[in-house]
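Asks: First, the structure itself, so that you have it in front of you.
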Amino acid sequence: MKTFIKNTVIYLFGHENARTLKKFFASKGFSEDDLILKYFEANPRKGIMFDVGVHYGQSFIEYAKMGWQIIGFEPDPINRKYVPKVKNLKLYENAVSDQDGLELSFYRSRQSTGISSLTPFEKHHKLITTVKTITLSTVIEIERVDTIDYLKIDIEGHDFFALKGFPFSKLQPEIIMCEFEDFKTIPLGYTYKDMANLLVCQDYDVWLSEWYPLRRYGAERIWRDIRTYPTPLFDGNANGNLVAIKKRNGNKFKLSMESYLSTIKNA
């Protein structure tokens, strides 16, 4: 029976969407992407999103539909083939870091399309290309951006370096989301606390969304909870996202989050 249901879902939705549905139900319906989207739907505008680590465009597509300007970054040439072609997207092929112009090796894994990285942290990672780095500060100058509503970073262990290359003294996004997983980042010299503390120092309220440790990359994820930082991890092997909101909008975000969590709890 289970095999029949699985095959039916794959037939109706395709392999990639079937995996997405499986993850959705395994994580009780929680998604940081959805949480942030609900906030912007409650506080509408035609904004600007920087999507660092586009993958297949899952995060930016709803903002593009709302007329936002999207500036995206995806150094994996295979993933770029699947990024939706939307007129309000400017897509960079660079890897984002805290230095411009470095030529670095780039790796992809058959274990998951979502863990391409500058670092081969998973046993199936294989070198596929060389990429050039760019800082967000440089892109902001090139694109003449004077405001960013949402900065999303998910670049498999190198999120902190992207933040270090951001010109916080010139402009500050309303919301920032970045991924943490100490397993990946301790070898690179930082932990989730270093990223969170950087954001706190820039006058953000920071929320830590923790997921249970992965059995393997590409497998279903199970969400634990979201809470204010500073906070220790329940499990040192956990992964998740930091969601940072400018303090002046902290109460609005909290109300939006409470409404969202109530919705998925009662679903």
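Chain labels A, B, ... are given in the sequence in which chains occur in the structure tokens; within each chain residues are numbered consecutively from 1, and ligands are likewise numbered from 1 in the order shown.
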Find the nearest atom pair between each residue of stretch 119-175 of chain A and stretch 101-115 of chain A for residues within 10 Å, count only C-alpha atoms, give distances in Å to one decimal, sort rows by chain and ascending number, and present the table as JSON lines.

Replies:
{"residue": "A:Thr119", "atom": "CA", "partner": "A:Tyr107", "partner_atom": "CA", "distance": 6.8}
{"residue": "A:Pro120", "atom": "CA", "partner": "A:Tyr107", "partner_atom": "CA", "distance": 6.1}
{"residue": "A:Phe121", "atom": "CA", "partner": "A:Ile115", "partner_atom": "CA", "distance": 9.1}
{"residue": "A:Glu122", "atom": "CA", "partner": "A:Ser109", "partner_atom": "CA", "distance": 7.4}
{"residue": "A:Lys123", "atom": "CA", "partner": "A:Ser109", "partner_atom": "CA", "distance": 8.1}
{"residue": "A:His124", "atom": "CA", "partner": "A:Ser109", "partner_atom": "CA", "distance": 5.1}
{"residue": "A:His125", "atom": "CA", "partner": "A:Ser109", "partner_atom": "CA", "distance": 4.2}
{"residue": "A:Lys126", "atom": "CA", "partner": "A:Tyr107", "partner_atom": "CA", "distance": 5.2}
{"residue": "A:Leu127", "atom": "CA", "partner": "A:Tyr107", "partner_atom": "CA", "distance": 4.4}
{"residue": "A:Ile128", "atom": "CA", "partner": "A:Tyr107", "partner_atom": "CA", "distance": 5.6}
{"residue": "A:Thr129", "atom": "CA", "partner": "A:Phe106", "partner_atom": "CA", "distance": 5.4}
{"residue": "A:Thr130", "atom": "CA", "partner": "A:Ser105", "partner_atom": "CA", "distance": 4.6}
{"residue": "A:Val131", "atom": "CA", "partner": "A:Leu104", "partner_atom": "CA", "distance": 5.4}
{"residue": "A:Lys132", "atom": "CA", "partner": "A:Glu103", "partner_atom": "CA", "distance": 4.6}
{"residue": "A:Thr133", "atom": "CA", "partner": "A:Gly101", "partner_atom": "CA", "distance": 5.1}
{"residue": "A:Ile134", "atom": "CA", "partner": "A:Gly101", "partner_atom": "CA", "distance": 6.1}
{"residue": "A:Thr135", "atom": "CA", "partner": "A:Gly101", "partner_atom": "CA", "distance": 8.9}
{"residue": "A:Asp154", "atom": "CA", "partner": "A:Gly114", "partner_atom": "CA", "distance": 9.3}
{"residue": "A:Ile155", "atom": "CA", "partner": "A:Ile115", "partner_atom": "CA", "distance": 7.9}
{"residue": "A:Glu156", "atom": "CA", "partner": "A:Ile115", "partner_atom": "CA", "distance": 6.0}
{"residue": "A:Gly157", "atom": "CA", "partner": "A:Ile115", "partner_atom": "CA", "distance": 9.4}

Asks: Restricting the output to C-alpha atoms, write the selected residues as a CSV table (one decimal), in the first residue's frame.

Replies:
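Produced file result.csv, reproduced below:
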chain,number,residue,atom,x,y,z
A,119,THR,CA,33.7,23.0,0.4
A,120,PRO,CA,33.5,19.2,-0.2
A,121,PHE,CA,31.9,18.4,3.2
A,122,GLU,CA,30.0,15.3,2.0
A,123,LYS,CA,31.5,12.1,0.8
A,124,HIS,CA,29.8,12.3,-2.6
A,125,HIS,CA,31.0,15.8,-3.4
A,126,LYS,CA,32.9,16.0,-6.7
A,127,LEU,CA,34.7,18.9,-8.3
A,128,ILE,CA,32.6,20.2,-11.2
A,129,THR,CA,33.9,23.7,-12.0
A,130,THR,CA,35.8,26.8,-10.9
A,131,VAL,CA,33.9,29.9,-9.8
A,132,LYS,CA,34.8,33.5,-9.2
A,133,THR,CA,33.8,35.1,-5.9
A,134,ILE,CA,32.0,38.4,-5.5
A,135,THR,CA,30.9,40.4,-2.4
A,154,ASP,CA,21.8,29.5,1.9
A,155,ILE,CA,25.3,28.6,0.6
A,156,GLU,CA,26.2,25.5,2.4
A,157,GLY,CA,28.7,26.6,5.1

Asks: Could you write out, as an mmCIF file with N, CA and C atoms, in the first residue's frame, all the residues of stretch 10-256 of chain A that DSSP marks as alpha helix (DSSP H)?

Replies:
data_model
loop_
_atom_site.group_PDB
_atom_site.id
_atom_site.type_symbol
_atom_site.label_atom_id
_atom_site.label_comp_id
_atom_site.auth_asym_id
_atom_site.auth_seq_id
_atom_site.Cartn_x
_atom_site.Cartn_y
_atom_site.Cartn_z
ATOM 1 N N ILE A 10 4.374 10.353 -6.945
ATOM 2 C CA ILE A 10 5.425 10.659 -7.925
ATOM 3 C C ILE A 10 4.823 10.847 -9.310
ATOM 4 N N TYR A 11 3.855 9.989 -9.648
ATOM 5 C CA TYR A 11 3.213 10.102 -10.959
ATOM 6 C C TYR A 11 2.486 11.436 -11.106
ATOM 7 N N LEU A 12 1.798 11.867 -10.059
ATOM 8 C CA LEU A 12 1.003 13.094 -10.119
ATOM 9 C C LEU A 12 1.857 14.354 -10.061
ATOM 10 N N PHE A 13 2.924 14.322 -9.246
ATOM 11 C CA PHE A 13 3.669 15.545 -8.973
ATOM 12 C C PHE A 13 5.105 15.543 -9.492
ATOM 13 N N GLY A 14 5.620 14.392 -9.890
ATOM 14 C CA GLY A 14 7.015 14.309 -10.306
ATOM 15 C C GLY A 14 7.919 14.038 -9.116
ATOM 16 N N HIS A 15 9.124 13.528 -9.377
ATOM 17 C CA HIS A 15 10.036 13.141 -8.299
ATOM 18 C C HIS A 15 10.387 14.315 -7.394
ATOM 19 N N GLU A 16 10.749 15.459 -7.986
ATOM 20 C CA GLU A 16 11.218 16.595 -7.184
ATOM 21 C C GLU A 16 10.099 17.126 -6.289
ATOM 22 N N ASN A 17 8.898 17.300 -6.851
ATOM 23 C CA ASN A 17 7.778 17.797 -6.051
ATOM 24 C C ASN A 17 7.314 16.768 -5.028
ATOM 25 N N ALA A 18 7.444 15.484 -5.371
ATOM 26 C CA ALA A 18 7.072 14.440 -4.406
ATOM 27 C C ALA A 18 7.983 14.505 -3.190
ATOM 28 N N ARG A 19 9.269 14.720 -3.423
ATOM 29 C CA ARG A 19 10.199 14.856 -2.301
ATOM 30 C C ARG A 19 9.862 16.086 -1.467
ATOM 31 N N THR A 20 9.471 17.166 -2.141
ATOM 32 C CA THR A 20 9.108 18.392 -1.418
ATOM 33 C C THR A 20 7.880 18.147 -0.531
ATOM 34 N N LEU A 21 6.873 17.435 -1.069
ATOM 35 C CA LEU A 21 5.680 17.134 -0.285
ATOM 36 C C LEU A 21 6.020 16.263 0.922
ATOM 37 N N LYS A 22 6.897 15.299 0.723
ATOM 38 C CA LYS A 22 7.293 14.425 1.823
ATOM 39 C C LYS A 22 7.948 15.229 2.934
ATOM 40 N N LYS A 23 8.839 16.137 2.549
ATOM 41 C CA LYS A 23 9.509 16.974 3.548
ATOM 42 C C LYS A 23 8.500 17.870 4.265
ATOM 43 N N PHE A 24 7.531 18.379 3.485
ATOM 44 C CA PHE A 24 6.528 19.285 4.068
ATOM 45 C C PHE A 24 5.787 18.603 5.214
ATOM 46 N N PHE A 25 5.303 17.390 4.975
ATOM 47 C CA PHE A 25 4.533 16.701 6.004
ATOM 48 C C PHE A 25 5.424 16.226 7.141
ATOM 49 N N ALA A 26 6.672 15.833 6.825
ATOM 50 C CA ALA A 26 7.579 15.375 7.877
ATOM 51 C C ALA A 26 7.946 16.499 8.829
ATOM 52 N N GLU A 32 10.680 28.153 7.010
ATOM 53 C CA GLU A 32 11.146 29.531 7.219
ATOM 54 C C GLU A 32 10.782 30.408 6.027
ATOM 55 N N ASP A 33 10.833 29.838 4.820
ATOM 56 C CA ASP A 33 10.433 30.597 3.635
ATOM 57 C C ASP A 33 8.991 31.067 3.752
ATOM 58 N N ASP A 34 8.098 30.154 4.171
ATOM 59 C CA ASP A 34 6.691 30.520 4.305
ATOM 60 C C ASP A 34 6.478 31.533 5.423
ATOM 61 N N LEU A 35 7.198 31.359 6.518
ATOM 62 C CA LEU A 35 7.092 32.284 7.644
ATOM 63 C C LEU A 35 7.409 33.709 7.205
ATOM 64 N N ILE A 36 8.492 33.874 6.467
ATOM 65 C CA ILE A 36 8.903 35.210 6.026
ATOM 66 C C ILE A 36 7.965 35.736 4.947
ATOM 67 N N LEU A 37 7.524 34.859 4.053
ATOM 68 C CA LEU A 37 6.576 35.276 3.023
ATOM 69 C C LEU A 37 5.290 35.814 3.653
ATOM 70 N N LYS A 38 4.795 35.139 4.704
ATOM 71 C CA LYS A 38 3.572 35.605 5.369
ATOM 72 C C LYS A 38 3.768 36.997 5.957
ATOM 73 N N TYR A 39 4.960 37.271 6.466
ATOM 74 C CA TYR A 39 5.240 38.607 7.005
ATOM 75 C C TYR A 39 5.132 39.660 5.905
ATOM 76 N N PHE A 40 5.738 39.384 4.764
ATOM 77 C CA PHE A 40 5.705 40.379 3.684
ATOM 78 C C PHE A 40 4.328 40.475 3.036
ATOM 79 N N GLU A 41 3.575 39.399 3.057
ATOM 80 C CA GLU A 41 2.197 39.487 2.563
ATOM 81 C C GLU A 41 1.358 40.354 3.486
ATOM 82 N N ALA A 42 1.654 40.324 4.778
ATOM 83 C CA ALA A 42 0.929 41.164 5.746
ATOM 84 C C ALA A 42 1.422 42.609 5.722
ATOM 85 N N ILE A 61 10.502 32.736 -6.018
ATOM 86 C CA ILE A 61 9.466 32.757 -7.045
ATOM 87 C C ILE A 61 8.209 33.511 -6.614
ATOM 88 N N GLU A 62 7.774 33.366 -5.357
ATOM 89 C CA GLU A 62 6.565 34.061 -4.915
ATOM 90 C C GLU A 62 6.783 35.574 -4.870
ATOM 91 N N TYR A 63 8.000 36.002 -4.542
ATOM 92 C CA TYR A 63 8.306 37.431 -4.532
ATOM 93 C C TYR A 63 8.334 37.979 -5.957
ATOM 94 N N ALA A 64 8.851 37.187 -6.876
ATOM 95 C CA ALA A 64 8.847 37.601 -8.275
ATOM 96 C C ALA A 64 7.418 37.794 -8.777
ATOM 97 N N LYS A 65 6.517 36.897 -8.356
ATOM 98 C CA LYS A 65 5.115 37.014 -8.754
ATOM 99 C C LYS A 65 4.478 38.280 -8.202
ATOM 100 N N PRO A 77 26.298 25.319 -12.252
ATOM 101 C CA PRO A 77 25.769 25.449 -13.620
ATOM 102 C C PRO A 77 24.610 24.513 -13.914
ATOM 103 N N ILE A 78 24.530 23.380 -13.216
ATOM 104 C CA ILE A 78 23.413 22.452 -13.433
ATOM 105 C C ILE A 78 22.151 23.007 -12.793
ATOM 106 N N ASN A 79 22.258 23.508 -11.568
ATOM 107 C CA ASN A 79 21.090 24.105 -10.912
ATOM 108 C C ASN A 79 20.553 25.290 -11.698
ATOM 109 N N ARG A 80 21.446 26.071 -12.296
ATOM 110 C CA ARG A 80 20.989 27.268 -13.022
ATOM 111 C C ARG A 80 20.039 26.929 -14.162
ATOM 112 N N LEU A 136 28.700 40.976 -1.670
ATOM 113 C CA LEU A 136 27.418 41.659 -1.793
ATOM 114 C C LEU A 136 27.613 43.164 -1.872
ATOM 115 N N SER A 137 28.644 43.659 -1.226
ATOM 116 C CA SER A 137 28.952 45.090 -1.305
ATOM 117 C C SER A 137 29.201 45.523 -2.752
ATOM 118 N N THR A 138 29.955 44.717 -3.493
ATOM 119 C CA THR A 138 30.241 45.037 -4.894
ATOM 120 C C THR A 138 28.989 44.972 -5.746
ATOM 121 N N VAL A 139 28.163 43.951 -5.528
ATOM 122 C CA VAL A 139 26.926 43.821 -6.312
ATOM 123 C C VAL A 139 25.993 44.991 -6.047
ATOM 124 N N ILE A 140 25.907 45.418 -4.807
ATOM 125 C CA ILE A 140 25.054 46.554 -4.462
ATOM 126 C C ILE A 140 25.497 47.812 -5.210
ATOM 127 N N GLU A 141 26.791 47.983 -5.359
ATOM 128 C CA GLU A 141 27.303 49.120 -6.128
ATOM 129 C C GLU A 141 27.000 48.961 -7.610
ATOM 130 N N ILE A 142 27.207 47.762 -8.145
ATOM 131 C CA ILE A 142 26.956 47.521 -9.569
ATOM 132 C C ILE A 142 25.495 47.761 -9.915
ATOM 133 N N GLU A 143 24.604 47.256 -9.075
ATOM 134 C CA GLU A 143 23.168 47.337 -9.340
ATOM 135 C C GLU A 143 22.547 48.644 -8.834
ATOM 136 N N ASP A 159 27.812 30.993 4.580
ATOM 137 C CA ASP A 159 26.880 32.096 4.829
ATOM 138 C C ASP A 159 27.533 33.246 5.595
ATOM 139 N N PHE A 160 28.358 32.920 6.561
ATOM 140 C CA PHE A 160 29.009 33.945 7.381
ATOM 141 C C PHE A 160 29.894 34.861 6.546
ATOM 142 N N PHE A 161 30.572 34.273 5.557
ATOM 143 C CA PHE A 161 31.454 35.073 4.714
ATOM 144 C C PHE A 161 30.648 36.021 3.818
ATOM 145 N N ALA A 162 29.467 35.563 3.382
ATOM 146 C CA ALA A 162 28.588 36.451 2.621
ATOM 147 C C ALA A 162 28.154 37.636 3.477
ATOM 148 N N LEU A 163 27.809 37.361 4.747
ATOM 149 C CA LEU A 163 27.416 38.447 5.659
ATOM 150 C C LEU A 163 28.575 39.411 5.900
ATOM 151 N N LYS A 164 29.789 38.871 6.017
ATOM 152 C CA LYS A 164 30.956 39.721 6.263
ATOM 153 C C LYS A 164 31.257 40.627 5.073
ATOM 154 N N ASP A 182 26.805 23.693 12.289
ATOM 155 C CA ASP A 182 28.180 23.752 12.799
ATOM 156 C C ASP A 182 29.067 22.656 12.226
ATOM 157 N N PHE A 183 28.487 21.540 11.859
ATOM 158 C CA PHE A 183 29.256 20.476 11.235
ATOM 159 C C PHE A 183 30.015 20.986 10.010
ATOM 160 N N LYS A 184 29.348 21.833 9.231
ATOM 161 C CA LYS A 184 29.971 22.389 8.029
ATOM 162 C C LYS A 184 30.921 23.536 8.347
ATOM 163 N N THR A 185 30.586 24.320 9.370
ATOM 164 C CA THR A 185 31.252 25.610 9.517
ATOM 165 C C THR A 185 32.391 25.641 10.531
ATOM 166 N N TYR A 192 27.341 28.872 14.613
ATOM 167 C CA TYR A 192 26.096 29.635 14.479
ATOM 168 C C TYR A 192 26.114 30.882 15.355
ATOM 169 N N LYS A 193 26.826 30.821 16.484
ATOM 170 C CA LYS A 193 26.875 31.975 17.389
ATOM 171 C C LYS A 193 27.589 33.159 16.748
ATOM 172 N N ASP A 194 28.615 32.902 15.971
ATOM 173 C CA ASP A 194 29.332 33.996 15.313
ATOM 174 C C ASP A 194 28.419 34.737 14.347
ATOM 175 N N MET A 195 27.621 34.001 13.582
ATOM 176 C CA MET A 195 26.686 34.657 12.670
ATOM 177 C C MET A 195 25.614 35.415 13.431
ATOM 178 N N ALA A 196 25.044 34.766 14.437
ATOM 179 C CA ALA A 196 23.977 35.402 15.202
ATOM 180 C C ALA A 196 24.483 36.660 15.894
ATOM 181 N N ASN A 197 25.680 36.600 16.457
ATOM 182 C CA ASN A 197 26.221 37.767 17.154
ATOM 183 C C ASN A 197 26.504 38.918 16.196
ATOM 184 N N LEU A 198 26.944 38.598 14.993
ATOM 185 C CA LEU A 198 27.146 39.647 13.993
ATOM 186 C C LEU A 198 25.835 40.379 13.720
ATOM 187 N N LEU A 199 24.748 39.627 13.588
ATOM 188 C CA LEU A 199 23.446 40.228 13.308
ATOM 189 C C LEU A 199 22.930 41.027 14.501
ATOM 190 N N VAL A 200 23.120 40.511 15.687
ATOM 191 C CA VAL A 200 22.727 41.248 16.895
ATOM 192 C C VAL A 200 23.466 42.580 16.955
ATOM 193 N N CYS A 201 24.733 42.570 16.637
ATOM 194 C CA CYS A 201 25.536 43.796 16.666
ATOM 195 C C CYS A 201 25.074 44.822 15.633
ATOM 196 N N GLY A 250 10.316 44.448 14.940
ATOM 197 C CA GLY A 250 10.299 43.200 15.696
ATOM 198 C C GLY A 250 8.918 42.778 16.153
ATOM 199 N N ASN A 251 8.121 43.713 16.637
ATOM 200 C CA ASN A 251 6.783 43.356 17.119
ATOM 201 C C ASN A 251 5.873 42.899 15.986
ATOM 202 N N LYS A 252 5.970 43.561 14.831
ATOM 203 C CA LYS A 252 5.161 43.153 13.679
ATOM 204 C C LYS A 252 5.523 41.741 13.242
ATOM 205 N N PHE A 253 6.820 41.451 13.246
ATOM 206 C CA PHE A 253 7.259 40.121 12.841
ATOM 207 C C PHE A 253 6.781 39.073 13.843
ATOM 208 N N LYS A 254 6.874 39.374 15.118
ATOM 209 C CA LYS A 254 6.451 38.426 16.143
ATOM 210 C C LYS A 254 4.972 38.103 16.009
ATOM 211 N N LEU A 255 4.143 39.120 15.777
ATOM 212 C CA LEU A 255 2.710 38.888 15.606
ATOM 213 C C LEU A 255 2.436 38.036 14.371
ATOM 214 N N SER A 256 3.148 38.336 13.287
ATOM 215 C CA SER A 256 2.988 37.569 12.062
ATOM 216 C C SER A 256 3.412 36.118 12.282
#

Asks: Can you pull out the residues contacting A:Leu233? Cut-off 12 Å, using only C-alpha atoms, and skip same-chain residues under 6 positions away; I want them as a ChimeraX atom specification.

Replies: /A:180-182,191-193,208-213,224-227,239-241

Asks: If you run DSSP over the backbone, which residues in stretch 19-265 of chain A end up strand (DSSP E)? Put them as a ChimeraX atom specification.

Replies: /A:48-52,69-73,89-92,95-96,103-109,112-117,125-134,150-153,175-180,204-211,223-228,239-246

Asks: Suppose you want the space between atom CA of A:Ser59 and atom CA of A:Ser259; what is it in Å?

Replies: 20.6 Å

Asks: So what do you get for atom CA of A:Pro75 versus atom CA of A:Asp100, distance-wise?

Replies: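 These atoms are spaced 14.4 Å apart.
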
Asks: Residues at most 8 Å from A:Pro84, counting only C-alpha atoms, excluding those fewer than 2 positions away in the same chain, as a compact mmCIF listing (two decimals) with N, CA and C atoms, in the first residue's frame?

Replies:
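The result, written out as around_11.txt:
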# COMPACT_ATOMS: atom_id res chain seq x y z
N TYR A 56 16.89 26.09 -7.19
CA TYR A 56 15.93 26.07 -8.30
C TYR A 56 14.96 27.26 -8.26
N GLY A 57 15.22 28.23 -7.40
CA GLY A 57 14.35 29.40 -7.34
C GLY A 57 13.16 29.25 -6.44
N ILE A 61 10.50 32.74 -6.02
CA ILE A 61 9.47 32.76 -7.05
C ILE A 61 8.21 33.51 -6.61
N TYR A 82 17.60 25.06 -14.10
CA TYR A 82 16.24 24.88 -13.60
C TYR A 82 15.66 26.14 -12.94
N VAL A 86 12.32 34.58 -15.19
CA VAL A 86 11.37 35.65 -14.91
C VAL A 86 12.05 36.99 -15.22

Asks: Pick out the closest residue to A:Thr231 from this set: A:Glu93, A:Val206, A:Leu171, A:Thr147. Count only C-alpha atoms.

Replies: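 For A:Thr231, the nearest of the given residues is A:Val206.
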
Asks: Taking only C-alpha atoms into account, name the residue in A:Ile186, A:Ile176, A:Leu118, A:Ile153 that is nearest to A:Phe73.

Replies: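 Looking at the shortest contact to A:Phe73, the residue is A:Ile153.
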